[in-house]
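Novice: For reference, the file run20.tsv (TSV, N, CA and C atoms) is included below:
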```tsv
chain	number	residue	atom	x	y	z
V	1	MET	N	0.84	-1.16	0.00
V	1	MET	CA	0.00	0.00	0.00
V	1	MET	C	0.89	1.24	0.00
V	2	LYS	N	0.69	2.13	-0.95
V	2	LYS	CA	1.47	3.34	-1.07
V	2	LYS	C	0.75	4.49	-0.41
V	3	ARG	N	1.50	5.27	0.31
V	3	ARG	CA	0.92	6.48	0.88
V	3	ARG	C	1.00	7.60	-0.13
V	4	ASN	N	0.08	8.49	-0.09
V	4	ASN	CA	0.01	9.64	-0.98
V	4	ASN	C	0.13	9.22	-2.45
V	5	ALA	N	-0.54	8.14	-2.82
V	5	ALA	CA	-0.43	7.61	-4.17
V	5	ALA	C	-0.96	8.57	-5.21
V	6	GLY	N	-2.01	9.24	-4.95
V	6	GLY	CA	-2.60	10.12	-5.95
V	6	GLY	C	-2.34	11.59	-5.71
V	7	LYS	N	-1.68	11.92	-4.62
V	7	LYS	CA	-1.47	13.33	-4.28
V	7	LYS	C	-0.11	13.81	-4.75
V	8	LYS	N	-0.11	15.02	-5.23
V	8	LYS	CA	1.17	15.66	-5.59
V	8	LYS	C	1.58	16.56	-4.43
V	9	THR	N	2.80	16.39	-4.01
V	9	THR	CA	3.29	17.24	-2.94
V	9	THR	C	4.11	18.37	-3.54
V	10	ALA	N	3.97	19.52	-2.98
V	10	ALA	CA	4.70	20.68	-3.47
V	10	ALA	C	6.12	20.65	-2.93
V	11	VAL	N	7.06	20.80	-3.82
V	11	VAL	CA	8.46	20.85	-3.43
V	11	VAL	C	8.85	22.32	-3.32
V	12	PRO	N	9.35	22.72	-2.17
V	12	PRO	CA	9.73	24.13	-2.04
V	12	PRO	C	10.94	24.43	-2.93
V	13	THR	N	10.86	25.55	-3.59
V	13	THR	CA	11.96	25.97	-4.45
V	13	THR	C	12.57	27.24	-3.89
V	14	LEU	N	13.83	27.41	-4.18
V	14	LEU	CA	14.56	28.58	-3.71
V	14	LEU	C	14.86	29.46	-4.92
V	15	THR	N	14.38	30.66	-4.87
V	15	THR	CA	14.68	31.61	-5.94
V	15	THR	C	15.60	32.67	-5.39
V	16	ILE	N	16.66	32.91	-6.12
V	16	ILE	CA	17.63	33.91	-5.72
V	16	ILE	C	17.50	35.10	-6.65
V	17	THR	N	17.27	36.23	-6.07
V	17	THR	CA	17.18	37.44	-6.89
V	17	THR	C	18.34	38.34	-6.53
V	18	HIS	N	18.91	38.94	-7.53
V	18	HIS	CA	20.02	39.87	-7.34
V	18	HIS	C	19.53	41.27	-7.67
V	19	SER	N	19.96	42.21	-6.89
V	19	SER	CA	19.65	43.59	-7.24
V	19	SER	C	20.59	43.98	-8.37
V	20	LYS	N	20.05	44.57	-9.40
V	20	LYS	CA	20.84	44.93	-10.56
V	20	LYS	C	21.26	46.39	-10.49
V	21	LEU	N	22.40	46.65	-11.08
V	21	LEU	CA	22.89	48.02	-11.16
V	21	LEU	C	22.20	48.73	-12.32
V	22	LYS	N	22.51	49.99	-12.50
V	22	LYS	CA	21.87	50.77	-13.56
V	22	LYS	C	22.09	50.19	-14.94
V	23	ASP	N	23.27	49.65	-15.18
V	23	ASP	CA	23.57	49.11	-16.51
V	23	ASP	C	23.11	47.66	-16.67
V	24	GLY	N	22.43	47.10	-15.67
V	24	GLY	CA	21.91	45.75	-15.77
V	24	GLY	C	22.86	44.69	-15.23
V	25	ALA	N	24.05	45.09	-14.81
V	25	ALA	CA	25.02	44.13	-14.29
V	25	ALA	C	24.65	43.75	-12.86
V	26	VAL	N	25.00	42.55	-12.49
V	26	VAL	CA	24.75	42.06	-11.13
V	26	VAL	C	25.98	42.38	-10.30
V	27	PRO	N	25.82	43.06	-9.15
V	27	PRO	CA	26.99	43.38	-8.32
V	27	PRO	C	27.62	42.12	-7.73
V	28	LEU	N	28.91	42.15	-7.59
V	28	LEU	CA	29.64	41.01	-7.03
V	28	LEU	C	29.59	41.04	-5.51
V	29	THR	N	29.64	39.86	-4.93
V	29	THR	CA	29.72	39.79	-3.48
V	29	THR	C	31.16	40.07	-3.06
V	30	MET	N	31.37	40.25	-1.77
V	30	MET	CA	32.70	40.58	-1.27
V	30	MET	C	33.71	39.48	-1.59
V	31	SER	N	33.30	38.22	-1.46
V	31	SER	CA	34.24	37.13	-1.74
V	31	SER	C	34.57	37.05	-3.22
V	32	GLU	N	33.61	37.34	-4.09
V	32	GLU	CA	33.88	37.34	-5.52
V	32	GLU	C	34.78	38.51	-5.92
V	33	ARG	N	34.57	39.63	-5.27
V	33	ARG	CA	35.34	40.83	-5.60
V	33	ARG	C	36.80	40.69	-5.18
V	34	ASN	N	37.05	40.13	-4.04
V	34	ASN	CA	38.41	40.02	-3.54
V	34	ASN	C	39.19	38.87	-4.16
V	35	ASP	N	38.56	38.07	-5.00
V	35	ASP	CA	39.30	37.01	-5.65
V	35	ASP	C	40.39	37.56	-6.54
V	36	LEU	N	40.17	38.71	-7.14
V	36	LEU	CA	41.18	39.30	-8.00
V	36	LEU	C	42.42	39.69	-7.20
V	37	SER	N	42.23	40.20	-6.02
V	37	SER	CA	43.36	40.58	-5.18
V	37	SER	C	44.19	39.37	-4.78
V	38	HIS	N	43.54	38.23	-4.61
V	38	HIS	CA	44.26	37.02	-4.25
V	38	HIS	C	45.16	36.54	-5.39
V	39	HIS	N	44.86	36.95	-6.60
V	39	HIS	CA	45.69	36.60	-7.74
V	39	HIS	C	46.76	37.66	-8.01
V	40	ILE	N	46.41	38.91	-7.79
V	40	ILE	CA	47.34	40.01	-8.09
V	40	ILE	C	48.53	39.98	-7.13
V	41	LEU	N	48.29	39.74	-5.86
V	41	LEU	CA	49.36	39.83	-4.86
V	41	LEU	C	50.53	38.88	-5.14
V	42	PRO	N	50.32	37.57	-5.28
V	42	PRO	CA	51.49	36.71	-5.53
V	42	PRO	C	52.12	36.92	-6.90
V	43	THR	N	51.31	37.24	-7.88
V	43	THR	CA	51.84	37.46	-9.22
V	43	THR	C	52.70	38.71	-9.27
V	44	SER	N	52.24	39.78	-8.62
V	44	SER	CA	53.04	41.00	-8.57
V	44	SER	C	54.37	40.77	-7.87
V	45	ALA	N	54.33	40.02	-6.79
V	45	ALA	CA	55.57	39.74	-6.06
V	45	ALA	C	56.53	38.93	-6.92
V	46	GLN	N	56.03	37.98	-7.67
V	46	GLN	CA	56.89	37.20	-8.56
V	46	GLN	C	57.46	38.06	-9.68
V	47	LEU	N	56.66	38.96	-10.21
V	47	LEU	CA	57.13	39.80	-11.30
V	47	LEU	C	58.15	40.83	-10.84
V	48	VAL	N	58.12	41.22	-9.57
V	48	VAL	CA	59.19	42.05	-9.02
V	48	VAL	C	60.51	41.28	-9.11
V	49	GLY	N	60.48	40.00	-8.75
V	49	GLY	CA	61.67	39.17	-8.85
V	49	GLY	C	62.13	38.98	-10.29
V	50	VAL	N	61.19	38.85	-11.21
V	50	VAL	CA	61.53	38.71	-12.63
V	50	VAL	C	62.23	39.98	-13.12
V	51	CYS	N	61.69	41.12	-12.76
V	51	CYS	CA	62.29	42.39	-13.19
V	51	CYS	C	63.70	42.56	-12.63
V	52	LEU	N	63.89	42.22	-11.38
V	52	LEU	CA	65.22	42.31	-10.79
V	52	LEU	C	66.21	41.35	-11.45
V	53	THR	N	65.72	40.17	-11.82
V	53	THR	CA	66.58	39.21	-12.52
V	53	THR	C	66.98	39.74	-13.89
V	54	VAL	N	66.03	40.33	-14.61
V	54	VAL	CA	66.34	40.88	-15.93
V	54	VAL	C	67.31	42.06	-15.81
V	55	ILE	N	67.16	42.87	-14.77
V	55	ILE	CA	68.10	43.98	-14.55
V	55	ILE	C	69.52	43.42	-14.38
V	56	SER	N	69.65	42.37	-13.59
V	56	SER	CA	70.99	41.80	-13.38
V	56	SER	C	71.54	41.16	-14.65
V	57	ILE	N	70.68	40.55	-15.46
V	57	ILE	CA	71.13	39.97	-16.73
V	57	ILE	C	71.61	41.06	-17.68
V	58	VAL	N	70.88	42.17	-17.72
V	58	VAL	CA	71.27	43.30	-18.58
V	58	VAL	C	72.62	43.85	-18.13
V	59	LYS	N	72.84	43.91	-16.83
V	59	LYS	CA	74.13	44.40	-16.31
V	59	LYS	C	75.28	43.45	-16.68
V	60	VAL	N	75.02	42.15	-16.61
V	60	VAL	CA	76.06	41.17	-16.92
V	60	VAL	C	76.40	41.17	-18.41
V	61	LEU	N	75.39	41.34	-19.26
V	61	LEU	CA	75.60	41.29	-20.70
V	61	LEU	C	76.23	42.57	-21.27
V	62	HIS	N	76.24	43.64	-20.51
V	62	HIS	CA	76.79	44.93	-20.98
V	62	HIS	C	76.20	45.30	-22.33
V	63	ILE	N	74.89	45.46	-22.37
V	63	ILE	CA	74.20	45.69	-23.63
V	63	ILE	C	74.53	47.05	-24.24
V	64	GLY	N	74.79	48.04	-23.46
V	64	GLY	CA	75.13	49.35	-24.01
V	64	GLY	C	74.11	50.40	-23.61
V	65	GLN	N	73.90	51.36	-24.52
V	65	GLN	CA	72.99	52.48	-24.22
V	65	GLN	C	71.56	52.00	-24.00
V	66	ALA	N	71.12	51.01	-24.76
V	66	ALA	CA	69.77	50.47	-24.55
V	66	ALA	C	69.65	49.79	-23.19
V	67	GLY	N	70.76	49.22	-22.73
V	67	GLY	CA	70.76	48.58	-21.41
V	67	GLY	C	70.55	49.57	-20.29
V	68	VAL	N	71.14	50.76	-20.44
V	68	VAL	CA	70.96	51.80	-19.43
V	68	VAL	C	69.50	52.24	-19.38
V	69	LEU	N	68.91	52.41	-20.56
V	69	LEU	CA	67.50	52.78	-20.63
V	69	LEU	C	66.61	51.67	-20.07
V	70	MET	N	66.96	50.44	-20.39
V	70	MET	CA	66.17	49.30	-19.92
V	70	MET	C	66.25	49.15	-18.40
V	71	ASP	N	67.43	49.42	-17.82
V	71	ASP	CA	67.57	49.39	-16.35
V	71	ASP	C	66.60	50.35	-15.69
V	72	LYS	N	66.54	51.56	-16.22
V	72	LYS	CA	65.63	52.56	-15.64
V	72	LYS	C	64.17	52.15	-15.81
V	73	PHE	N	63.87	51.63	-16.98
V	73	PHE	CA	62.50	51.22	-17.28
V	73	PHE	C	62.08	50.05	-16.39
V	74	LEU	N	62.97	49.10	-16.20
V	74	LEU	CA	62.66	47.95	-15.34
V	74	LEU	C	62.58	48.35	-13.87
V	75	ALA	N	63.37	49.31	-13.46
V	75	ALA	CA	63.28	49.80	-12.08
V	75	ALA	C	61.92	50.46	-11.84
V	76	PHE	N	61.45	51.19	-12.84
V	76	PHE	CA	60.10	51.78	-12.76
V	76	PHE	C	59.05	50.67	-12.73
V	77	ASP	N	59.28	49.61	-13.49
V	77	ASP	CA	58.38	48.47	-13.52
V	77	ASP	C	58.32	47.77	-12.16
V	78	VAL	N	59.47	47.65	-11.50
V	78	VAL	CA	59.50	47.08	-10.14
V	78	VAL	C	58.65	47.93	-9.21
V	79	LEU	N	58.73	49.24	-9.35
V	79	LEU	CA	57.92	50.13	-8.53
V	79	LEU	C	56.43	49.91	-8.80
V	80	LEU	N	56.04	49.76	-10.06
V	80	LEU	CA	54.63	49.52	-10.40
V	80	LEU	C	54.12	48.22	-9.78
V	81	PHE	N	54.91	47.17	-9.89
V	81	PHE	CA	54.47	45.88	-9.33
V	81	PHE	C	54.46	45.92	-7.80
V	82	THR	N	55.35	46.66	-7.19
V	82	THR	CA	55.35	46.78	-5.73
V	82	THR	C	54.12	47.54	-5.25
V	83	ILE	N	53.77	48.61	-5.95
V	83	ILE	CA	52.55	49.36	-5.61
V	83	ILE	C	51.33	48.48	-5.80
V	84	SER	N	51.30	47.71	-6.88
V	84	SER	CA	50.18	46.81	-7.14
V	84	SER	C	50.04	45.76	-6.03
V	85	ALA	N	51.15	45.18	-5.61
V	85	ALA	CA	51.10	44.18	-4.54
V	85	ALA	C	50.64	44.80	-3.22
V	86	THR	N	51.12	46.01	-2.94
V	86	THR	CA	50.73	46.68	-1.70
V	86	THR	C	49.24	47.01	-1.70
V	87	LEU	N	48.73	47.53	-2.80
V	87	LEU	CA	47.30	47.84	-2.89
V	87	LEU	C	46.45	46.57	-2.83
V	88	SER	N	46.93	45.52	-3.44
V	88	SER	CA	46.20	44.25	-3.41
V	88	SER	C	46.12	43.71	-1.98
V	89	TYR	N	47.24	43.77	-1.26
V	89	TYR	CA	47.24	43.32	0.13
V	89	TYR	C	46.30	44.18	0.98
V	90	ALA	N	46.35	45.48	0.77
V	90	ALA	CA	45.48	46.37	1.54
V	90	ALA	C	44.00	46.12	1.23
V	91	SER	N	43.68	45.78	-0.01
V	91	SER	CA	42.28	45.52	-0.36
V	91	SER	C	41.78	44.22	0.26
V	92	MET	N	42.67	43.27	0.49
V	92	MET	CA	42.25	42.04	1.16
V	92	MET	C	42.05	42.26	2.65
V	93	ARG	N	42.72	43.23	3.21
V	93	ARG	CA	42.64	43.50	4.65
V	93	ARG	C	41.45	44.38	5.03
V	94	ARG	N	40.97	45.20	4.11
V	94	ARG	CA	39.89	46.13	4.42
V	94	ARG	C	38.54	45.55	4.03
V	95	ALA	N	37.50	45.99	4.72
V	95	ALA	CA	36.15	45.50	4.43
V	95	ALA	C	35.62	46.10	3.13
V	96	ARG	N	35.71	47.39	2.96
V	96	ARG	CA	35.23	48.04	1.75
V	96	ARG	C	36.44	48.41	0.90
V	97	SER	N	36.77	47.56	-0.04
V	97	SER	CA	38.05	47.72	-0.72
V	97	SER	C	37.94	47.75	-2.24
V	98	GLU	N	36.81	48.16	-2.76
V	98	GLU	CA	36.62	48.14	-4.21
V	98	GLU	C	37.63	49.03	-4.92
V	99	ASN	N	37.85	50.23	-4.39
V	99	ASN	CA	38.78	51.16	-5.04
V	99	ASN	C	40.22	50.67	-4.98
V	100	LEU	N	40.62	50.12	-3.85
V	100	LEU	CA	41.99	49.62	-3.72
V	100	LEU	C	42.25	48.49	-4.71
V	101	GLU	N	41.29	47.61	-4.85
V	101	GLU	CA	41.47	46.49	-5.78
V	101	GLU	C	41.49	46.98	-7.22
V	102	LYS	N	40.67	47.97	-7.52
V	102	LYS	CA	40.66	48.53	-8.88
V	102	LYS	C	42.00	49.17	-9.21
V	103	TYR	N	42.56	49.93	-8.25
V	103	TYR	CA	43.86	50.56	-8.48
V	103	TYR	C	44.98	49.53	-8.56
V	104	ALA	N	44.88	48.48	-7.74
V	104	ALA	CA	45.88	47.40	-7.80
V	104	ALA	C	45.87	46.75	-9.18
V	105	ASP	N	44.68	46.54	-9.72
V	105	ASP	CA	44.55	45.95	-11.05
V	105	ASP	C	45.12	46.88	-12.12
V	106	GLN	N	44.87	48.17	-12.00
V	106	GLN	CA	45.38	49.12	-12.99
V	106	GLN	C	46.90	49.21	-12.95
V	107	PHE	N	47.49	49.26	-11.75
V	107	PHE	CA	48.95	49.29	-11.64
V	107	PHE	C	49.55	47.98	-12.17
V	108	PHE	N	48.88	46.87	-11.90
V	108	PHE	CA	49.37	45.58	-12.38
V	108	PHE	C	49.38	45.53	-13.91
V	109	MET	N	48.30	45.98	-14.54
V	109	MET	CA	48.24	45.97	-16.00
V	109	MET	C	49.27	46.92	-16.60
V	110	LEU	N	49.46	48.07	-15.99
V	110	LEU	CA	50.47	49.00	-16.47
V	110	LEU	C	51.86	48.39	-16.36
V	111	GLY	N	52.12	47.68	-15.27
V	111	GLY	CA	53.39	47.00	-15.10
V	111	GLY	C	53.59	45.89	-16.12
V	112	LEU	N	52.51	45.16	-16.45
V	112	LEU	CA	52.63	44.11	-17.46
V	112	LEU	C	52.97	44.68	-18.83
V	113	PHE	N	52.33	45.81	-19.19
V	113	PHE	CA	52.63	46.43	-20.47
V	113	PHE	C	54.07	46.94	-20.51
V	114	ALA	N	54.53	47.50	-19.41
V	114	ALA	CA	55.91	47.98	-19.34
V	114	ALA	C	56.90	46.83	-19.43
V	115	LEU	N	56.59	45.71	-18.79
V	115	LEU	CA	57.46	44.53	-18.86
V	115	LEU	C	57.49	43.96	-20.27
V	116	GLY	N	56.36	43.98	-20.93
V	116	GLY	CA	56.31	43.53	-22.33
V	116	GLY	C	57.14	44.42	-23.24
V	117	ALA	N	57.07	45.72	-23.00
V	117	ALA	CA	57.89	46.65	-23.80
V	117	ALA	C	59.38	46.41	-23.55
V	118	CYS	N	59.74	46.13	-22.32
V	118	CYS	CA	61.15	45.81	-22.01
V	118	CYS	C	61.59	44.53	-22.69
V	119	ALA	N	60.71	43.56	-22.75
V	119	ALA	CA	61.03	42.29	-23.41
V	119	ALA	C	61.28	42.51	-24.91
V	120	VAL	N	60.46	43.34	-25.53
V	120	VAL	CA	60.65	43.65	-26.95
V	120	VAL	C	61.95	44.41	-27.15
V	121	LEU	N	62.22	45.39	-26.30
V	121	LEU	CA	63.45	46.16	-26.40
V	121	LEU	C	64.68	45.28	-26.21
V	122	LEU	N	64.61	44.36	-25.26
V	122	LEU	CA	65.74	43.46	-25.01
V	122	LEU	C	65.97	42.52	-26.19
V	123	SER	N	64.88	42.01	-26.74
V	123	SER	CA	65.04	41.08	-27.87
V	123	SER	C	65.56	41.79	-29.11
V	124	LEU	N	65.18	43.04	-29.34
V	124	LEU	CA	65.70	43.79	-30.48
V	124	LEU	C	67.15	44.16	-30.29
V	125	GLU	N	67.56	44.42	-29.07
V	125	GLU	CA	68.93	44.81	-28.79
V	125	GLU	C	69.90	43.64	-28.89
V	126	MET	N	69.42	42.43	-28.66
V	126	MET	CA	70.30	41.26	-28.66
V	126	MET	C	70.65	40.81	-30.07
V	127	PHE	N	69.94	41.29	-31.09
V	127	PHE	CA	70.26	40.88	-32.46
V	127	PHE	C	71.18	41.85	-33.14
```
As C-alpha cells, what does this structure read like?

Specialist:
Amino acid sequence: MKRNAGKKTAVPTLTITHSKLKDGAVPLTMSERNDLSHHILPTSAQLVGVCLTVISIVKVLHIGQAGVLMDKFLAFDVLLFTISATLSYASMRRARSENLEKYADQFFMLGLFALGACAVLLSLEMF
C-alpha cells in the first residue's frame, strides 16, 4: 500500500534574486570581488623578482645604451608591481576595498605592459 499515491506534494523551491545596477550588471559579493586581489598579490611579487633578474642579466651582458634605458625602465616596472602588490594586500585586509582592488589591477596591468615593452626592447637589442 502506497501512501500519498494520488497526491502531488509541493516541493519548495529557492529563488535567488540579485539587485541589478543601472547598466543591468549584477553586483559582485565581497568574496567574488576580492578574488582578483588574491591573484594580483602573488603574481606582482613574482614579477618584481623577474624584473630584478632581468636587470641583473642586462648588467652582466653589458648591452650598451639600450641597457641603461632598460635598467631605468625595469626599475620603474619594479615600482609599479610593488605598488600593485601593496594595494592588493590592503584591499584584502579592508572590508570596503573596491577602489583599492581597482587601483591594484590598474597598476598591475600598467606593469605588465611595461614589462612587455622591455622584453621587446631586449630582444631587439640582442640581435

Novice: What's the 12 Å shell around Tyr89 in chain V, counting only C-alpha atoms, without same-chain residues fewer than 5 positions away, as a short mmCIF file (atom, residue, chain, number, x, y, z; two decimals) with N, CA and C atoms, in the frame of the given file?

Specialist:
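What follows is the written file result.cif:
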```cif
data_model
loop_
_atom_site.label_atom_id
_atom_site.label_comp_id
_atom_site.auth_asym_id
_atom_site.auth_seq_id
_atom_site.Cartn_x
_atom_site.Cartn_y
_atom_site.Cartn_z
N ASN V 34 37.05 40.13 -4.04
CA ASN V 34 38.41 40.02 -3.54
C ASN V 34 39.19 38.87 -4.16
N ASP V 35 38.56 38.07 -5.00
CA ASP V 35 39.30 37.01 -5.65
C ASP V 35 40.39 37.56 -6.54
N LEU V 36 40.17 38.71 -7.14
CA LEU V 36 41.18 39.30 -8.00
C LEU V 36 42.42 39.69 -7.20
N SER V 37 42.23 40.20 -6.02
CA SER V 37 43.36 40.58 -5.18
C SER V 37 44.19 39.37 -4.78
N HIS V 38 43.54 38.23 -4.61
CA HIS V 38 44.26 37.02 -4.25
C HIS V 38 45.16 36.54 -5.39
N HIS V 39 44.86 36.95 -6.60
CA HIS V 39 45.69 36.60 -7.74
C HIS V 39 46.76 37.66 -8.01
N ILE V 40 46.41 38.91 -7.79
CA ILE V 40 47.34 40.01 -8.09
C ILE V 40 48.53 39.98 -7.13
N LEU V 41 48.29 39.74 -5.86
CA LEU V 41 49.36 39.83 -4.86
C LEU V 41 50.53 38.88 -5.14
N PRO V 42 50.32 37.57 -5.28
CA PRO V 42 51.49 36.71 -5.53
C PRO V 42 52.12 36.92 -6.90
N THR V 43 51.31 37.24 -7.88
CA THR V 43 51.84 37.46 -9.22
C THR V 43 52.70 38.71 -9.27
N SER V 44 52.24 39.78 -8.62
CA SER V 44 53.04 41.00 -8.57
C SER V 44 54.37 40.77 -7.87
N ALA V 45 54.33 40.02 -6.79
CA ALA V 45 55.57 39.74 -6.06
C ALA V 45 56.53 38.93 -6.92
N THR V 82 55.35 46.66 -7.19
CA THR V 82 55.35 46.78 -5.73
C THR V 82 54.12 47.54 -5.25
N ILE V 83 53.77 48.61 -5.95
CA ILE V 83 52.55 49.36 -5.61
C ILE V 83 51.33 48.48 -5.80
N SER V 84 51.30 47.71 -6.88
CA SER V 84 50.18 46.81 -7.14
C SER V 84 50.04 45.76 -6.03
N ARG V 94 40.97 45.20 4.11
CA ARG V 94 39.89 46.13 4.42
C ARG V 94 38.54 45.55 4.03
N SER V 97 36.77 47.56 -0.04
CA SER V 97 38.05 47.72 -0.72
C SER V 97 37.94 47.75 -2.24
N LEU V 100 40.62 50.12 -3.85
CA LEU V 100 41.99 49.62 -3.72
C LEU V 100 42.25 48.49 -4.71
N GLU V 101 41.29 47.61 -4.85
CA GLU V 101 41.47 46.49 -5.78
C GLU V 101 41.49 46.98 -7.22
N TYR V 103 42.56 49.93 -8.25
CA TYR V 103 43.86 50.56 -8.48
C TYR V 103 44.98 49.53 -8.56
N ALA V 104 44.88 48.48 -7.74
CA ALA V 104 45.88 47.40 -7.80
C ALA V 104 45.87 46.75 -9.18
N ASP V 105 44.68 46.54 -9.72
CA ASP V 105 44.55 45.95 -11.05
C ASP V 105 45.12 46.88 -12.12
#
```

Novice: Quick check, in Å to one decimal: how far apart do CA of Leu112 in chain V and CA of Val68 in chain V lie?

Specialist: 20.0 Å

Novice: Would you work out the distance separating atom N of Lys59 in chain V from atom N of Gly111 in chain V, expressed in Å to one decimal?

Specialist: 21.1 Å

Novice: What is the atom C of Ser88 in chain V-atom N of Leu122 in chain V distance in Å, reported with one decimal?

Specialist: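 Those two atoms sit 29.7 Å apart.
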
Novice: Residues within 12 Å of Met70 in chain V, please, as a ChimeraX atom specification. Count only C-alpha atoms; anything in the same chain fewer than 2 positions from it doesn't count.

Specialist: /V:51-52,54-59,62-68,72-77,114-125
